[in-house]
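Structure file entry.csv (CSV, C-alpha atoms) is printed below.
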```csv
chain,number,residue,atom,x,y,z
A,1,MET,CA,19.5,58.9,-39.1
A,2,GLU,CA,21.8,56.1,-38.1
A,3,ASN,CA,21.8,57.2,-34.5
A,4,ALA,CA,18.0,57.2,-34.5
A,5,LYS,CA,18.0,53.6,-35.8
A,6,ARG,CA,20.3,52.5,-33.1
A,7,HIS,CA,17.9,53.8,-30.4
A,8,LEU,CA,14.8,52.4,-32.1
A,9,PRO,CA,14.8,49.0,-30.5
A,10,TYR,CA,14.7,50.5,-27.0
A,11,GLU,CA,11.8,52.8,-27.9
A,12,VAL,CA,9.9,49.9,-29.5
A,13,ALA,CA,10.7,47.5,-26.6
A,14,THR,CA,9.3,49.7,-23.9
A,15,ALA,CA,6.8,52.5,-23.5
A,16,ALA,CA,8.7,53.5,-20.3
A,17,HIS,CA,11.8,55.7,-20.2
A,18,VAL,CA,15.3,54.4,-20.4
A,19,THR,CA,17.6,56.0,-17.8
A,20,VAL,CA,21.4,56.2,-18.0
A,21,ALA,CA,23.2,57.6,-15.0
A,22,ARG,CA,26.8,58.0,-13.8
A,23,VAL,CA,27.6,56.1,-10.6
A,24,LYS,CA,27.6,58.7,-7.9
A,25,SER,CA,27.9,56.3,-4.9
A,26,MET,CA,28.1,52.6,-4.3
A,27,ARG,CA,27.7,50.0,-1.5
A,28,VAL,CA,29.1,46.5,-1.6
A,29,ILE,CA,28.7,43.5,0.6
A,30,ALA,CA,30.5,40.2,0.1
A,31,LEU,CA,28.7,37.2,1.7
A,32,SER,CA,29.2,33.5,2.3
A,33,GLY,CA,26.7,32.2,-0.2
A,34,ARG,CA,25.1,30.1,2.6
A,35,ALA,CA,22.4,32.6,3.8
A,36,ASP,CA,19.8,34.8,2.2
A,37,TYR,CA,20.2,38.6,1.9
A,38,ALA,CA,17.2,41.0,2.0
A,39,ASP,CA,17.2,44.7,1.6
A,40,GLU,CA,14.0,46.8,1.1
A,41,GLY,CA,12.2,44.0,-0.7
A,42,PHE,CA,15.2,42.8,-2.8
A,43,LEU,CA,15.8,39.2,-1.8
A,44,VAL,CA,18.9,37.2,-2.9
A,45,GLU,CA,18.8,33.6,-1.9
A,46,ARG,CA,22.1,32.1,-0.8
A,47,ALA,CA,23.8,35.4,-1.6
A,48,ALA,CA,27.5,35.6,-2.4
A,49,GLY,CA,27.4,39.4,-2.7
A,50,VAL,CA,25.4,42.5,-3.6
A,51,ILE,CA,26.5,45.6,-5.3
A,52,GLU,CA,24.3,48.7,-5.1
A,53,VAL,CA,25.0,51.8,-7.3
A,54,MET,CA,23.2,55.1,-7.2
A,55,GLY,CA,23.1,58.0,-9.6
A,56,ALA,CA,22.2,61.7,-9.1
A,57,ARG,CA,18.6,62.5,-8.3
A,58,THR,CA,16.7,63.8,-11.3
A,59,ALA,CA,13.0,64.5,-11.7
A,60,GLY,CA,12.4,63.7,-8.1
A,61,HIS,CA,13.8,60.2,-8.3
A,62,THR,CA,17.3,58.7,-7.5
A,63,PRO,CA,18.2,56.0,-10.0
A,64,VAL,CA,19.4,52.9,-8.1
A,65,LEU,CA,20.7,49.5,-9.5
A,66,LYS,CA,21.0,46.6,-7.0
A,67,ILE,CA,22.9,43.6,-8.4
A,68,GLY,CA,22.7,40.3,-6.4
A,69,PHE,CA,25.0,37.4,-7.0
A,70,THR,CA,24.0,33.8,-6.2
A,71,ASP,CA,24.2,30.2,-7.5
A,72,SER,CA,20.7,29.5,-6.2
A,73,PRO,CA,18.3,29.0,-9.2
A,74,PRO,CA,16.7,30.7,-10.9
A,75,VAL,CA,19.6,33.0,-11.8
A,76,LEU,CA,19.3,35.9,-14.3
A,77,ARG,CA,16.3,37.8,-13.0
A,78,TYR,CA,15.7,41.5,-13.3
A,79,THR,CA,13.1,44.1,-12.3
A,80,LEU,CA,12.5,47.8,-12.6
A,81,ALA,CA,10.1,49.7,-10.2
A,82,GLU,CA,9.4,53.3,-9.5
A,83,THR,CA,9.0,54.2,-5.8
A,84,GLU,CA,8.2,57.5,-4.2
A,85,HIS,CA,11.9,58.6,-4.3
A,86,GLU,CA,13.7,56.0,-6.4
A,87,LEU,CA,13.8,54.4,-9.8
A,88,LEU,CA,15.0,51.0,-8.6
A,89,GLY,CA,16.4,48.4,-10.9
A,90,THR,CA,17.6,44.9,-9.9
A,91,LEU,CA,19.7,42.2,-11.5
A,92,LEU,CA,20.3,38.7,-10.2
A,93,LEU,CA,23.4,37.0,-11.6
A,94,PRO,CA,25.6,34.0,-11.0
A,95,THR,CA,28.2,34.2,-8.3
A,96,SER,CA,31.0,34.0,-11.0
A,97,CYS,CA,30.0,37.5,-12.2
A,98,PHE,CA,30.6,39.2,-8.8
A,99,SER,CA,34.3,40.1,-9.4
A,100,PRO,CA,33.9,41.4,-12.9
A,101,TYR,CA,30.8,43.5,-12.0
A,102,LEU,CA,32.7,44.9,-8.9
A,103,ALA,CA,35.6,45.9,-11.2
A,104,ILE,CA,33.2,47.7,-13.5
A,105,ALA,CA,31.3,49.4,-10.6
A,106,THR,CA,34.6,50.8,-9.1
A,107,SER,CA,35.7,52.3,-12.4
A,108,PRO,CA,36.0,56.1,-12.2
A,109,SER,CA,33.7,56.5,-15.2
A,110,ALA,CA,31.2,53.8,-14.2
A,111,CYS,CA,27.6,54.3,-15.5
A,112,PHE,CA,24.4,52.2,-15.4
A,113,ARG,CA,21.2,51.9,-17.3
A,114,LEU,CA,17.6,51.1,-16.2
A,115,GLY,CA,14.8,50.3,-18.6
A,116,ASN,CA,12.3,48.0,-20.2
A,117,ALA,CA,10.9,46.5,-17.0
A,118,GLY,CA,14.5,45.6,-16.0
A,119,ALA,CA,15.5,43.8,-19.2
A,120,LEU,CA,17.8,46.7,-20.2
A,121,ASN,CA,19.4,47.1,-16.7
A,122,ALA,CA,23.2,47.2,-17.2
A,123,LEU,CA,26.5,48.4,-15.8
A,124,ALA,CA,29.3,49.8,-17.9
A,125,THR,CA,32.6,51.6,-17.7
A,126,ASP,CA,31.5,54.2,-20.3
A,127,SER,CA,28.1,55.6,-21.0
A,128,SER,CA,28.6,55.1,-24.8
A,129,PHE,CA,28.1,51.3,-24.2
A,130,LEU,CA,24.6,52.0,-22.8
A,131,GLU,CA,23.2,54.2,-25.6
```
Kindly return the structure encoded in the file as structure tokens.
Amino acid sequence: MENAKRHLPYEVATAAHVTVARVKSMRVIALSGRADYADEGFLVERAAGVIEVMGARTAGHTPVLKIGFTDSPPVLRYTLAETEHELLGTLLLPTSCFSPYLAIATSPSACFRLGNAGALNALATDSSFLE
């Protein structure tokens, strides 16, 4: 019963599914912060870096989380979209978060969560944090 209560806010907050996946592969780019970065519709103005993590394909979709880092306002944006082959979540965070997020993403047990139109998008070193 206690476990059900802990999950209730996610179920109430969204009619969509919440996905938690282990990081299967990752791509990282570090940039100057002076130019924009664009990749498949994901735009980061004055990008300092981008981390992309991908999980194992399930139900015909590969879960992907793209995290952009910038000091160009507005910071702290997020999205979640389903394409033909991907469940694609994005986060846009301040440049100061790039190093800590990179450390989490390179952890051997790194996992990520996608959900609630992007509001629940997260990256963690252990899946228990994402439940």
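We find CA of Ala47 (chain A) and CA of Ile29 (chain A) to be spaced 9.7 Å apart.
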Write out as CSV a residue-level contact list of region 25-58 of chain A versus region 78-93 of chain A with cut-off 9 Å: for each qualifying residue the closest pair of atoms and the distance in Å to one decimal, counting only C-alpha atoms, rows sorted by chain and residue number upward.
```
residue,atom,partner,partner_atom,distance
A:Phe42,CA,A:Thr90,CA,7.8
A:Val44,CA,A:Leu92,CA,7.6
A:Arg57,CA,A:Glu86,CA,8.4
```
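Shortest separation to Val64 (chain A) among A:Met26, A:Ile104, A:Leu43, A:Ser32 occurs at residue A:Met26, atoms counted being all atoms listed in the file.
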Study note, to complete from the structure: Min atom-atom distance to Asp36 (chain A) from the set A:Thr58, A:Ser96, A:Ser109, A:Ser72, counting all atoms listed in the file, belongs to A:Ser72
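The interatomic distance for the pair CA of Leu120 (chain A) and CA of Thr19 (chain A) works out to 9.6 Å.
Minimum distance to Val23 (chain A) across A:Pro100, A:Gly68, A:Pro108, A:Gly41 (counting all atoms listed in the file) occurs at A:Pro108.
Contact shell of Asp126 (chain A) at 12 Å (all atoms listed in the file; same-chain neighbours under 3 positions omitted): Val20, Ala21, Arg22, Val23, Ile104, Ala105, Ser107, Pro108, Ser109, Ala110, Cys111, Phe112, Arg113, Ala122, Leu123, Phe129, Leu130 and Glu131 of chain A.
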Point to revise | Atom-to-atom span, CA of Phe69 (chain A) and CA of Asn121 (chain A), Å | key: 14.8 Å
Exercise for review: Using all atoms listed in the file, determine which residues lie at most 8 Å from Phe98 (chain A), disregarding the query and same-chain residues fewer than 3 positions distant; provide the list as a ChimeraX atom specification.
Suggested key: /A:48-49,69,94-95,101-102
Using only C-alpha atoms, please write the residues we just selected to a file, as an mmCIF file, in the coordinates of the input.
```cif
data_model
loop_
_atom_site.group_PDB
_atom_site.id
_atom_site.type_symbol
_atom_site.label_atom_id
_atom_site.label_comp_id
_atom_site.auth_asym_id
_atom_site.auth_seq_id
_atom_site.Cartn_x
_atom_site.Cartn_y
_atom_site.Cartn_z
ATOM 1 C CA ALA A 48 27.500 35.600 -2.400
ATOM 2 C CA GLY A 49 27.400 39.400 -2.700
ATOM 3 C CA PHE A 69 25.000 37.400 -7.000
ATOM 4 C CA PRO A 94 25.600 34.000 -11.000
ATOM 5 C CA THR A 95 28.200 34.200 -8.300
ATOM 6 C CA TYR A 101 30.800 43.500 -12.000
ATOM 7 C CA LEU A 102 32.700 44.900 -8.900
#
```
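Of the listed residues A:Ser99, A:Thr62, A:Leu76, A:Asp39, the one whose atoms come nearest to Lys24 (chain A) is A:Thr62, with distances taken using only C-alpha atoms.
Ranking A:Val53, A:Thr70, A:Gly118, A:His61 by their shortest atom-to-atom distance to Leu31 (chain A), with only C-alpha atoms included, puts A:Thr70 first.
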